[in-house]
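Asks: Okay, so here is structure_4.cif, and as you'll see once you scroll down, it has mmCIF, C-alpha atoms.
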```
data_final
loop_
_atom_site.label_atom_id
_atom_site.label_comp_id
_atom_site.auth_asym_id
_atom_site.auth_seq_id
_atom_site.Cartn_x
_atom_site.Cartn_y
_atom_site.Cartn_z
CA MET A 1 134.35 34.04 -99.33
CA LYS A 2 134.24 33.74 -95.56
CA ILE A 3 134.30 30.51 -93.55
CA VAL A 4 133.56 30.40 -89.82
CA ARG A 5 133.44 27.26 -87.71
CA GLU A 6 131.39 27.18 -84.51
CA GLN A 7 131.63 24.42 -81.89
CA ARG A 8 128.24 23.21 -80.70
CA GLU A 9 127.37 20.08 -78.75
CA GLN A 10 130.15 17.55 -78.13
CA ASN A 11 131.85 16.55 -81.38
CA VAL A 12 129.47 18.66 -83.49
CA SER A 13 130.36 21.83 -85.37
CA LEU A 14 128.61 24.29 -87.62
CA VAL A 15 130.49 25.67 -90.60
CA ARG A 16 129.14 28.96 -91.98
CA VAL A 17 130.22 29.74 -95.53
CA THR A 18 129.45 33.14 -97.02
CA VAL A 19 129.82 33.38 -100.81
CA GLY A 20 129.51 36.38 -103.12
CA GLU A 21 129.41 37.05 -106.85
CA GLU A 22 133.19 36.91 -107.08
CA ASP A 23 133.02 33.29 -105.86
CA TYR A 24 130.22 31.85 -107.99
CA GLY A 25 129.77 34.42 -110.80
CA GLN A 26 131.85 32.70 -113.47
CA GLU A 27 130.14 29.35 -112.95
CA VAL A 28 126.70 31.00 -113.16
CA GLU A 29 127.58 32.63 -116.50
CA LYS A 30 129.04 29.38 -117.81
CA SER A 31 125.87 27.47 -116.90
CA LEU A 32 123.60 30.11 -118.46
CA ARG A 33 125.60 29.98 -121.71
CA GLU A 34 125.13 26.21 -121.72
CA TYR A 35 121.39 26.65 -121.18
CA ARG A 36 121.31 29.12 -124.06
CA ARG A 37 123.13 26.68 -126.33
CA LYS A 38 120.65 23.88 -125.59
CA ALA A 39 117.45 25.90 -125.19
CA ASN A 40 114.62 24.94 -127.52
CA ILE A 41 112.22 27.90 -127.42
CA PRO A 42 109.61 28.55 -130.15
CA GLY A 43 110.49 31.54 -132.28
CA PHE A 44 114.26 31.24 -131.81
CA ARG A 45 116.85 29.18 -133.58
CA PRO A 46 118.95 26.87 -131.35
CA GLY A 47 121.73 28.89 -129.72
CA MET A 48 120.16 32.24 -130.68
CA VAL A 49 117.85 32.75 -127.67
CA PRO A 50 118.58 36.21 -126.15
CA MET A 51 120.67 35.90 -122.98
CA GLY A 52 118.22 38.19 -121.19
CA LEU A 53 115.42 35.69 -121.78
CA VAL A 54 117.63 32.78 -120.70
CA ARG A 55 118.58 34.67 -117.54
CA LYS A 56 114.92 35.42 -116.80
CA MET A 57 113.89 31.82 -117.31
CA TYR A 58 116.79 30.01 -115.60
CA GLY A 59 118.85 32.60 -113.76
CA LYS A 60 117.37 32.18 -110.28
CA GLY A 61 117.70 28.39 -110.29
CA VAL A 62 121.22 28.47 -111.70
CA LEU A 63 122.30 31.05 -109.12
CA ALA A 64 120.94 28.92 -106.26
CA GLU A 65 122.61 25.78 -107.60
CA GLN A 66 126.02 27.33 -108.23
CA ALA A 67 126.11 29.33 -105.00
CA TYR A 68 125.34 26.19 -102.99
CA ARG A 69 127.84 24.10 -104.95
CA THR A 70 130.55 26.71 -104.39
CA ALA A 71 129.84 26.80 -100.64
CA SER A 72 129.66 23.00 -100.40
CA ASN A 73 132.99 22.53 -102.18
CA ALA A 74 134.53 25.17 -99.93
CA VAL A 75 133.47 23.22 -96.81
CA PHE A 76 135.20 20.04 -97.96
CA GLU A 77 138.34 21.97 -98.93
CA TYR A 78 138.30 23.66 -95.52
CA LEU A 79 137.95 20.36 -93.63
CA GLN A 80 140.78 18.81 -95.62
CA LYS A 81 143.05 21.82 -95.16
CA GLU A 82 142.39 21.97 -91.40
CA GLY A 83 142.79 18.20 -91.02
CA ILE A 84 139.32 17.78 -89.52
CA ASP A 85 138.07 14.19 -89.70
CA TYR A 86 134.30 13.85 -89.76
CA LEU A 87 131.70 11.11 -89.50
CA GLY A 88 129.08 10.26 -92.07
CA ASP A 89 128.83 13.32 -94.27
CA VAL A 90 128.39 17.06 -94.16
CA ILE A 91 124.70 17.95 -93.96
CA PRO A 92 122.75 21.23 -94.19
CA SER A 93 122.13 22.70 -90.73
CA GLU A 94 118.70 23.22 -89.23
CA GLU A 95 119.90 26.77 -88.49
CA GLN A 96 120.00 27.59 -92.19
CA GLY A 97 118.29 30.89 -92.90
CA GLU A 98 116.20 32.05 -95.87
CA PHE A 99 117.70 33.01 -99.24
CA ASP A 100 116.71 35.81 -101.58
CA PHE A 101 118.06 34.61 -104.92
CA GLU A 102 115.86 37.20 -106.69
CA ASN A 103 117.66 40.26 -105.34
CA GLY A 104 120.62 39.07 -103.24
CA THR A 105 124.22 38.55 -104.29
CA GLU A 106 125.78 37.37 -101.01
CA PHE A 107 124.56 34.20 -99.32
CA GLU A 108 125.42 32.39 -96.10
CA PHE A 109 125.16 28.59 -96.15
CA VAL A 110 125.25 26.72 -92.85
CA PHE A 111 126.53 23.16 -92.69
CA GLU A 112 126.74 20.68 -89.83
CA ILE A 113 129.51 18.13 -89.25
CA GLY A 114 129.95 15.33 -86.76
CA GLU A 115 133.58 15.37 -85.70
CA ALA A 116 135.30 11.99 -85.58
CA PRO A 117 136.45 11.17 -82.03
CA ARG A 118 140.09 10.42 -81.39
CA ILE A 119 140.88 6.76 -80.77
CA GLU A 120 143.29 6.07 -77.94
CA LEU A 121 143.50 2.33 -77.34
CA GLU A 122 146.32 0.75 -75.39
CA LEU A 123 146.15 -3.01 -75.86
CA SER A 124 148.27 -5.59 -74.01
CA ASP A 125 148.09 -9.04 -72.42
CA LYS A 126 146.14 -7.41 -69.61
CA ASP A 127 143.21 -7.36 -72.04
CA GLU A 128 141.80 -10.88 -71.70
CA LEU A 129 139.34 -12.59 -74.05
CA THR A 130 138.09 -16.16 -74.45
CA TYR A 131 137.94 -18.12 -77.68
CA HIS A 132 135.20 -20.75 -77.44
CA ARG A 133 135.91 -23.93 -79.39
CA ILE A 134 132.95 -26.25 -79.96
CA VAL A 135 133.53 -29.90 -79.06
CA VAL A 136 132.57 -32.39 -81.79
CA ASP A 137 130.11 -34.83 -80.21
CA LYS A 138 128.78 -38.20 -81.41
CA LYS A 139 125.50 -36.79 -82.73
CA MET A 140 127.32 -34.24 -84.89
CA HIS A 141 129.61 -36.95 -86.21
CA ASP A 142 126.76 -39.37 -86.97
CA ASP A 143 124.57 -36.72 -88.62
CA TYR A 144 127.42 -35.44 -90.79
CA ARG A 145 128.41 -38.98 -91.75
CA SER A 146 124.83 -39.86 -92.67
CA ASN A 147 124.45 -36.73 -94.83
CA PHE A 148 127.82 -37.28 -96.47
CA LEU A 149 127.13 -40.92 -97.33
CA ARG A 150 123.69 -39.98 -98.60
CA ARG A 151 125.34 -38.23 -101.54
CA PHE A 152 126.70 -41.57 -102.71
CA GLY A 153 123.78 -43.74 -101.66
CA ARG A 154 121.13 -45.36 -103.80
CA LEU A 155 117.39 -45.83 -103.58
CA VAL A 156 116.25 -49.33 -102.60
CA ASP A 157 112.77 -50.75 -102.12
CA ALA A 158 111.34 -50.58 -98.61
CA GLY A 159 108.44 -52.42 -97.01
CA GLU A 160 106.90 -49.46 -95.22
CA VAL A 161 107.32 -45.75 -94.57
CA THR A 162 109.48 -45.02 -91.52
CA SER A 163 110.73 -41.42 -91.92
CA ASP A 164 111.78 -39.63 -95.11
CA GLU A 165 111.39 -42.20 -97.87
CA ALA A 166 110.74 -41.44 -101.53
CA LEU A 167 107.26 -42.50 -102.64
CA SER A 168 105.88 -43.34 -106.06
CA VAL A 169 102.12 -42.73 -106.04
CA THR A 170 99.07 -42.64 -108.27
CA LEU A 171 96.96 -39.47 -108.08
CA ASP A 172 93.33 -39.59 -109.17
CA ASN A 173 90.51 -37.04 -108.76
CA GLY A 174 88.01 -38.57 -111.19
CA GLU A 175 88.87 -36.10 -113.91
CA MET A 176 92.56 -36.89 -114.28
CA ASN A 177 94.81 -39.75 -113.32
CA VAL A 178 98.56 -39.36 -112.83
CA ALA A 179 100.54 -42.57 -112.50
CA ASP A 180 104.01 -42.82 -110.94
CA ALA A 181 103.99 -39.33 -109.41
CA TYR A 182 106.82 -38.61 -106.97
CA VAL A 183 106.43 -37.57 -103.32
CA GLY A 184 109.66 -36.86 -101.44
CA LEU A 185 108.88 -37.05 -97.75
CA ILE A 186 112.23 -35.45 -96.97
CA SER A 187 110.83 -32.14 -98.28
CA LEU A 188 107.79 -32.31 -95.97
CA SER A 189 107.65 -31.18 -92.36
CA GLU A 190 107.48 -33.73 -89.54
CA GLU A 191 103.78 -32.92 -89.09
CA GLU A 192 103.06 -33.37 -92.81
CA ARG A 193 104.79 -36.78 -92.83
CA LYS A 194 102.74 -38.22 -89.96
CA PRO A 195 99.86 -39.64 -92.08
CA PHE A 196 102.36 -41.66 -94.14
CA ILE A 197 104.44 -43.13 -91.30
CA GLY A 198 103.89 -46.89 -90.99
CA GLN A 199 101.99 -47.17 -94.29
CA LYS A 200 102.75 -49.74 -97.00
CA VAL A 201 102.29 -50.13 -100.74
CA GLY A 202 98.58 -49.99 -101.56
CA TYR A 203 97.77 -47.40 -98.88
CA LYS A 204 95.19 -44.87 -100.04
CA THR A 205 94.32 -41.44 -98.67
CA THR A 206 92.91 -38.10 -99.81
CA VAL A 207 95.37 -35.24 -100.31
CA ASN A 208 95.35 -31.66 -101.52
CA VAL A 209 98.13 -31.30 -104.09
CA ASN A 210 98.54 -27.64 -103.12
CA ASP A 211 99.75 -28.88 -99.72
CA LEU A 212 101.77 -31.77 -101.07
CA TYR A 213 103.65 -29.75 -103.70
CA LYS A 214 104.54 -26.27 -102.45
CA THR A 215 105.08 -24.32 -105.67
CA PRO A 216 102.94 -23.93 -108.83
CA SER A 217 105.87 -25.16 -110.96
CA GLN A 218 106.08 -28.39 -108.90
CA ARG A 219 102.32 -29.00 -109.15
CA ALA A 220 102.30 -28.33 -112.90
CA ALA A 221 105.23 -30.73 -113.44
CA VAL A 222 103.63 -33.54 -111.40
CA LEU A 223 100.19 -33.14 -112.99
CA GLN A 224 101.78 -32.69 -116.42
CA VAL A 225 99.92 -29.45 -117.19
CA LYS A 226 100.83 -25.79 -117.69
CA GLU A 227 100.87 -23.52 -114.65
CA GLU A 228 98.02 -21.40 -116.01
CA GLU A 229 95.85 -24.55 -116.14
CA LEU A 230 96.19 -25.27 -112.40
CA ALA A 231 93.38 -22.92 -111.41
CA SER A 232 90.83 -25.06 -113.28
CA ILE A 233 91.95 -28.34 -111.67
CA ASN A 234 90.31 -29.74 -108.53
CA PRO A 235 93.26 -30.02 -106.09
CA GLU A 236 91.65 -32.82 -104.03
CA PHE A 237 93.09 -36.18 -105.15
CA THR A 238 93.05 -39.76 -103.99
CA LEU A 239 96.65 -40.83 -103.45
CA GLU A 240 97.71 -44.49 -103.61
CA ILE A 241 101.26 -45.56 -102.71
CA THR A 242 102.67 -47.80 -105.46
CA LYS A 243 106.32 -47.93 -104.41
CA ILE A 244 108.34 -47.06 -101.32
CA ARG A 245 112.06 -46.46 -101.62
CA LYS A 246 114.69 -45.26 -99.18
CA PHE A 247 118.28 -44.22 -99.40
CA ALA A 248 120.74 -46.96 -98.58
CA GLU A 249 124.23 -45.97 -97.57
CA PRO A 250 126.92 -47.16 -99.96
CA GLU A 251 129.13 -50.09 -99.08
CA LEU A 252 132.43 -48.77 -97.77
CA ASN A 253 134.59 -50.60 -100.29
CA GLU A 254 137.42 -49.62 -102.60
CA GLU A 255 135.00 -48.47 -105.30
CA PHE A 256 133.29 -46.07 -102.88
CA PHE A 257 136.53 -44.50 -101.62
CA LYS A 258 137.82 -43.98 -105.17
CA MET A 259 134.54 -42.28 -106.13
CA ALA A 260 134.18 -40.17 -102.96
CA PHE A 261 137.87 -39.30 -102.60
CA PRO A 262 139.46 -39.30 -106.07
CA ALA A 263 142.57 -37.65 -104.62
CA GLY A 264 143.21 -40.80 -102.56
CA ASN A 265 143.34 -38.96 -99.24
CA VAL A 266 140.82 -41.34 -97.62
CA THR A 267 140.99 -45.09 -98.24
CA ASP A 268 139.24 -46.78 -95.28
CA GLU A 269 136.51 -46.28 -92.67
CA ALA A 270 138.88 -45.01 -90.01
CA GLY A 271 140.11 -42.39 -92.45
CA LEU A 272 136.51 -41.51 -93.27
CA ASP A 273 135.76 -40.88 -89.59
CA ARG A 274 138.87 -38.69 -89.28
CA PHE A 275 137.85 -36.79 -92.41
CA ILE A 276 134.36 -36.22 -91.02
CA ASP A 277 135.67 -34.91 -87.69
CA GLU A 278 138.09 -32.60 -89.51
CA GLU A 279 135.31 -31.26 -91.73
CA ILE A 280 133.04 -30.68 -88.76
CA SER A 281 135.87 -28.98 -86.85
CA ARG A 282 136.57 -26.76 -89.85
CA GLU A 283 132.94 -25.72 -90.06
CA LEU A 284 132.69 -25.23 -86.31
CA SER A 285 135.86 -23.14 -86.29
CA ARG A 286 134.10 -20.66 -88.58
CA GLU A 287 131.34 -20.41 -85.99
CA SER A 288 133.92 -19.97 -83.23
CA ASP A 289 135.75 -17.33 -85.25
CA TYR A 290 132.51 -15.46 -85.85
CA LEU A 291 131.56 -15.49 -82.16
CA PHE A 292 135.06 -14.37 -81.19
CA THR A 293 134.80 -11.50 -83.68
CA LEU A 294 131.55 -10.36 -82.06
CA GLN A 295 133.06 -10.62 -78.57
CA LEU A 296 136.18 -8.74 -79.64
CA ARG A 297 134.06 -6.10 -81.34
CA ASP A 298 131.98 -5.48 -78.22
CA TYR A 299 135.08 -5.48 -76.00
CA LEU A 300 136.85 -2.86 -78.13
CA ILE A 301 133.73 -0.69 -78.36
CA ARG A 302 133.42 -0.70 -74.56
CA LYS A 303 137.12 -0.10 -73.99
CA ALA A 304 137.40 2.70 -76.56
CA ALA A 305 134.28 4.43 -75.15
CA LEU A 306 134.21 6.83 -78.09
CA PRO A 307 132.09 9.98 -77.61
CA MET A 308 129.99 9.65 -80.75
CA PRO A 309 127.76 12.60 -81.77
CA GLU A 310 124.57 10.55 -81.55
CA ALA A 311 122.07 13.35 -82.17
CA PHE A 312 124.00 14.40 -85.28
CA LEU A 313 124.18 10.83 -86.58
CA LYS A 314 120.39 10.49 -86.24
CA ARG A 315 119.91 13.72 -88.21
CA TRP A 316 122.42 12.50 -90.78
CA LEU A 317 120.58 9.18 -91.20
CA TYR A 318 117.29 11.01 -91.65
CA THR A 319 118.84 13.40 -94.19
CA ILE A 320 120.66 10.86 -96.39
CA ASN A 321 117.52 8.70 -96.55
CA GLU A 322 115.54 11.76 -97.66
CA GLY A 323 112.90 11.19 -95.01
CA LYS A 324 112.06 7.67 -96.23
CA PHE A 325 112.49 6.44 -92.66
CA PRO A 326 110.68 8.40 -89.95
CA MET A 327 112.73 9.51 -86.97
CA GLU A 328 110.84 7.00 -84.78
CA ASP A 329 112.25 4.12 -86.85
CA ILE A 330 115.75 5.58 -86.70
CA GLU A 331 115.46 5.94 -82.92
CA ARG A 332 114.26 2.34 -82.59
CA ASP A 333 117.16 0.81 -84.52
CA PHE A 334 119.81 3.36 -83.56
CA ASP A 335 121.63 1.36 -80.86
CA GLN A 336 122.34 -1.47 -83.29
CA PHE A 337 123.34 1.01 -86.00
CA LEU A 338 125.68 2.84 -83.62
CA LYS A 339 127.38 -0.41 -82.61
CA MET A 340 128.11 -1.34 -86.25
CA PHE A 341 129.04 2.23 -87.16
CA THR A 342 131.51 2.41 -84.26
CA TRP A 343 132.97 -1.00 -85.13
CA ASN A 344 133.53 0.10 -88.74
CA TYR A 345 135.21 3.27 -87.48
CA LEU A 346 137.49 1.25 -85.20
CA GLN A 347 138.33 -1.10 -88.05
CA LYS A 348 139.47 1.84 -90.21
CA HIS A 349 141.71 2.91 -87.32
CA PHE A 350 143.40 -0.49 -87.09
CA ILE A 351 143.66 -0.86 -90.87
CA LYS A 352 145.58 2.41 -90.98
CA GLU A 353 147.59 1.81 -87.79
CA GLU A 354 148.64 -1.72 -88.78
CA ASN A 355 148.96 -0.89 -92.48
CA LEU A 356 146.61 -3.75 -93.38
CA THR A 357 145.91 -4.56 -97.02
CA VAL A 358 143.90 -7.13 -98.96
CA SER A 359 145.37 -8.30 -102.25
CA LYS A 360 143.46 -9.31 -105.36
CA GLU A 361 144.80 -12.83 -104.89
CA GLU A 362 143.35 -13.02 -101.37
CA ALA A 363 140.01 -11.77 -102.62
CA ALA A 364 140.07 -14.37 -105.41
CA GLU A 365 140.78 -17.18 -102.92
CA GLU A 366 137.93 -16.02 -100.69
CA ALA A 367 135.59 -15.88 -103.70
CA LYS A 368 136.65 -19.44 -104.65
CA ALA A 369 135.95 -20.62 -101.10
CA LEU A 370 132.50 -19.05 -101.34
CA ALA A 371 131.95 -20.72 -104.70
CA ALA A 372 133.09 -24.10 -103.29
CA ALA A 373 130.64 -23.79 -100.40
CA GLN A 374 127.81 -23.04 -102.81
CA PHE A 375 128.70 -25.99 -105.04
CA ALA A 376 128.86 -28.26 -101.98
CA GLN A 377 125.31 -27.27 -101.08
CA TYR A 378 124.21 -28.57 -104.45
CA GLY A 379 125.95 -31.92 -104.03
CA MET A 380 129.34 -31.06 -105.58
CA PRO A 381 131.80 -31.25 -102.68
CA SER A 382 134.81 -31.39 -105.01
CA ALA A 383 134.17 -28.96 -107.87
CA PRO A 384 137.03 -28.66 -110.41
CA GLU A 385 139.53 -25.85 -109.84
CA GLU A 386 138.81 -24.18 -113.19
CA MET A 387 135.08 -24.15 -112.40
CA LEU A 388 135.72 -22.52 -109.01
CA ALA A 389 138.06 -19.95 -110.56
CA GLY A 390 135.49 -19.03 -113.21
CA TYR A 391 132.71 -18.70 -110.67
CA ALA A 392 134.97 -16.62 -108.42
CA GLU A 393 135.56 -14.19 -111.28
CA LYS A 394 131.81 -13.73 -111.67
CA ILE A 395 131.43 -13.10 -107.93
CA LEU A 396 134.15 -10.43 -107.92
CA ALA A 397 132.70 -8.82 -111.05
CA ASP A 398 129.60 -8.00 -108.98
CA LYS A 399 130.53 -4.79 -107.11
CA GLU A 400 128.24 -5.51 -104.17
CA GLN A 401 129.52 -9.07 -103.66
CA ALA A 402 133.12 -7.96 -104.16
CA GLN A 403 132.73 -5.23 -101.54
CA LYS A 404 131.36 -7.76 -99.04
CA ILE A 405 134.34 -10.05 -99.66
CA TYR A 406 136.87 -7.24 -99.16
CA GLU A 407 135.06 -6.06 -96.02
CA LYS A 408 135.09 -9.58 -94.60
CA LEU A 409 138.81 -10.02 -95.32
CA PHE A 410 139.68 -6.66 -93.78
CA GLU A 411 137.63 -7.52 -90.68
CA THR A 412 139.45 -10.85 -90.40
CA LYS A 413 142.82 -9.09 -90.60
CA VAL A 414 141.77 -6.52 -88.00
CA VAL A 415 140.70 -9.31 -85.64
CA GLU A 416 144.00 -11.14 -86.20
CA ALA A 417 146.00 -7.97 -85.58
CA VAL A 418 144.16 -7.18 -82.34
CA ARG A 419 144.27 -10.81 -81.21
CA ALA A 420 148.05 -10.71 -81.40
CA LYS A 421 148.09 -7.79 -78.96
CA VAL A 422 145.78 -9.21 -76.26
CA LYS A 423 145.64 -12.38 -74.17
CA VAL A 424 143.28 -15.02 -75.57
CA SER A 425 142.40 -18.17 -73.64
CA GLU A 426 140.76 -21.10 -75.38
CA LYS A 427 137.80 -22.88 -73.82
CA ALA A 428 136.06 -26.03 -75.08
CA VAL A 429 132.26 -25.84 -74.93
CA SER A 430 129.34 -27.96 -76.03
CA ALA A 431 127.21 -26.95 -79.00
CA ASP A 432 124.34 -26.06 -76.66
CA ASP A 433 126.49 -23.81 -74.47
CA PHE A 434 127.97 -22.19 -77.56
CA ALA A 435 124.46 -21.49 -78.89
CA LYS A 436 123.57 -19.77 -75.61
CA LEU A 437 126.67 -17.55 -75.84
CA ALA A 438 125.89 -16.67 -79.45
CA LYS A 439 122.28 -15.84 -78.57
CA GLU A 440 123.42 -13.38 -75.94
CA LEU A 441 125.30 -11.46 -78.63
#
```
Rewrite the coordinates I just gave you, this time as structure tokens.
Replies:
Amino acid sequence: MKIVREQREQNVSLVRVTVGEEDYGQEVEKSLREYRRKANIPGFRPGMVPMGLVRKMYGKGVLAEQAYRTASNAVFEYLQKEGIDYLGDVIPSEEQGEFDFENGTEFEFVFEIGEAPRIELELSDKDELTYHRIVVDKKMHDDYRSNFLRRFGRLVDAGEVTSDEALSVTLDNGEMNVADAYVGLISLSEEERKPFIGQKVGYKTTVNVNDLYKTPSQRAAVLQVKEEELASINPEFTLEITKIRKFAEPELNEEFFKMAFPAGNVTDEAGLDRFIDEEISRELSRESDYLFTLQLRDYLIRKAALPMPEAFLKRWLYTINEGKFPMEDIERDFDQFLKMFTWNYLQKHFIKEENLTVSKEEAAEEAKALAAAQFAQYGMPSAPEEMLAGYAEKILADKEQAQKIYEKLFETKVVEAVRAKVKVSEKAVSADDFAKLAKEL
């Protein structure tokens, strides 16, 4: 076996591997014996097919497969032995010649590698970044408070429709009559609500239930029919409002605080306002952290200025996707891909340099936080610990979700490690200014 490495464009090499019978011969014979053992050919008992026939039927394909496998394994062994770090994967070169597996015994395979650039980053307090903290304003506070209290509110009768009330209506199209159907204006767009604003009990109008109820399952439930029956029903109905109800905020008394805060951490309105501001700040800090991560990412990419083998990476993307994406699509999205690819490469550098690790316990806590956020979306802001732990186990049992959690935690640790090396100034900004900064990135 002969291995020759040739330097081509910047950070790209070709590796030529020449293999002969002495390299792949034993594996070819082993594979052919296995074919003979399994071959099911009329006229021969299993395992008794003449080797000459097996060789004639499968020999060429087996030779090609084993010769390539031998050469491919040799490339990886060579790269490991020489300490050559590479990007993406090893791919067949466009300079690969023809093969004569019918008559030949010696074959040259040509592979292409994108060499990983060396990272040389000197970080100090001369590297300055800004952490943008969003100021909690009155509108944020009032909106959050309204949404929070809504969870513990109750429906009360109202005289007329003003915004997002809950309506009880009668639907009638002459063929069917549905009494006490529900219309939640909160689920409709502002434009869809307009005809109802200012109306009172007894108001009548014509509606199309396909517009009023967005999904077939909703329409079937309201009309009390099976989904397959919907097609035969005239969707134009006369709608009459029979009841108007709205959410009333709960009275901020002892009963409310015990129900909303069973741990006893909030007992009065002043404490509620502090709790709301803390919750908003906690949520906003995640936004600030995310923006800072993007800013730090872009700063490090610019500072490192790594000479990435872009042409190779495009060929690699095309190859690993087996041509599913045309080169025009790869070219169009390549800048964004290269940014993320470079950031992942830099992260691996810092993980190794700083000896960063993520424990199973940390992953479990992150999964529980994710579970808690999901439960909160469904109106359970204080899910029991055992429920969160069980849900976290399910999340981590999913390989894809678990990988995302570990990647997120590693990225957080990389950002923390780099942040400790550079100078970070904090700046308070409004939500609007923050949104503009985020949009730029």
Asks: Looking at all atoms listed in the file, which of A:Arg133, A:Arg118, A:Arg219, A:Lys348 is the one that sits closest to Ala304 of chain A?
Replies: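 Among the listed residues, A:Arg118 lies closest to Ala304 of chain A.
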Asks: Sorted by chain and rising residue number, list the residues of segment 235-327 of chain A at most 9 Å from segment 161-180 of chain A (counting only C-alpha atoms), each with its closest atom pair and distance in Å to one decimal, as a tab-separated table.
Replies:
```
residue	atom	partner	partner_atom	distance
A:Pro235	CA	A:Asn173	CA	8.0
A:Glu236	CA	A:Asn173	CA	6.4
A:Phe237	CA	A:Asn173	CA	4.5
A:Thr238	CA	A:Asp172	CA	5.2
A:Leu239	CA	A:Leu171	CA	4.8
A:Glu240	CA	A:Thr170	CA	5.2
A:Ile241	CA	A:Val169	CA	4.5
A:Thr242	CA	A:Val169	CA	5.1
A:Lys243	CA	A:Ser168	CA	4.9
A:Ile244	CA	A:Leu167	CA	4.9
A:Arg245	CA	A:Ala166	CA	5.2
A:Lys246	CA	A:Glu165	CA	4.7
A:Phe247	CA	A:Glu165	CA	7.3
```
Asks: Would you mind exporting the chosen residues as an mmCIF file, in the coordinates of the input, restricted to C-alpha atoms?
Replies:
```cif
data_model
loop_
_atom_site.group_PDB
_atom_site.id
_atom_site.type_symbol
_atom_site.label_atom_id
_atom_site.label_comp_id
_atom_site.auth_asym_id
_atom_site.auth_seq_id
_atom_site.Cartn_x
_atom_site.Cartn_y
_atom_site.Cartn_z
ATOM 1 C CA PRO A 235 93.260 -30.020 -106.090
ATOM 2 C CA GLU A 236 91.650 -32.820 -104.030
ATOM 3 C CA PHE A 237 93.090 -36.180 -105.150
ATOM 4 C CA THR A 238 93.050 -39.760 -103.990
ATOM 5 C CA LEU A 239 96.650 -40.830 -103.450
ATOM 6 C CA GLU A 240 97.710 -44.490 -103.610
ATOM 7 C CA ILE A 241 101.260 -45.560 -102.710
ATOM 8 C CA THR A 242 102.670 -47.800 -105.460
ATOM 9 C CA LYS A 243 106.320 -47.930 -104.410
ATOM 10 C CA ILE A 244 108.340 -47.060 -101.320
ATOM 11 C CA ARG A 245 112.060 -46.460 -101.620
ATOM 12 C CA LYS A 246 114.690 -45.260 -99.180
ATOM 13 C CA PHE A 247 118.280 -44.220 -99.400
#
```
Asks: With distances taken over all atoms listed in the file, which residue among A:His349, A:Arg297, A:Lys138, A:Arg33 lies nearest Asp273 of chain A?
Replies: A:Lys138
Asks: Rounded to one decimal place, report the atom CA of Ser124 of chain A-atom CA of Val422 of chain A distance in Å.
Replies: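 Result for atom CA of Ser124 of chain A versus atom CA of Val422 of chain A: 4.9 Å, one decimal.
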Asks: Env of Val17 of chain A: 8 Å cut, atoms = all atoms listed in the file, seq-sep filter 5 positions within chain, self excluded. Answer as a list in words.
Replies: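 Within the cut-off, the hits are Met1, Lys2, Ile3, Val4, Ala71, Ala74, Val75, Glu108, Phe109 and Val110 of chain A.
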Asks: Please provide as a PyMOL selection string all residues within 10 Å of Ala435 of chain A, with the sequence filter that same-chain residues fewer than 6 positions apart are discarded (counting all atoms listed in the file).
Replies: chain A and resi 134+287+291+429
Asks: Smallest atom-to-atom distance to Asp289 of chain A: which of A:Phe337, A:Phe434, A:Phe99, A:Phe350, using only C-alpha atoms?
Replies: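 That would be A:Phe434, the residue with the smallest distance to Asp289 of chain A.
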Asks: Given the PyMOL selection byres ((chain A and resi 136) around 8) and the file above, list the residues it selects as a PyMOL selection string.
Replies: chain A and resi 134-135+137-138+140-141+277+280-281+430
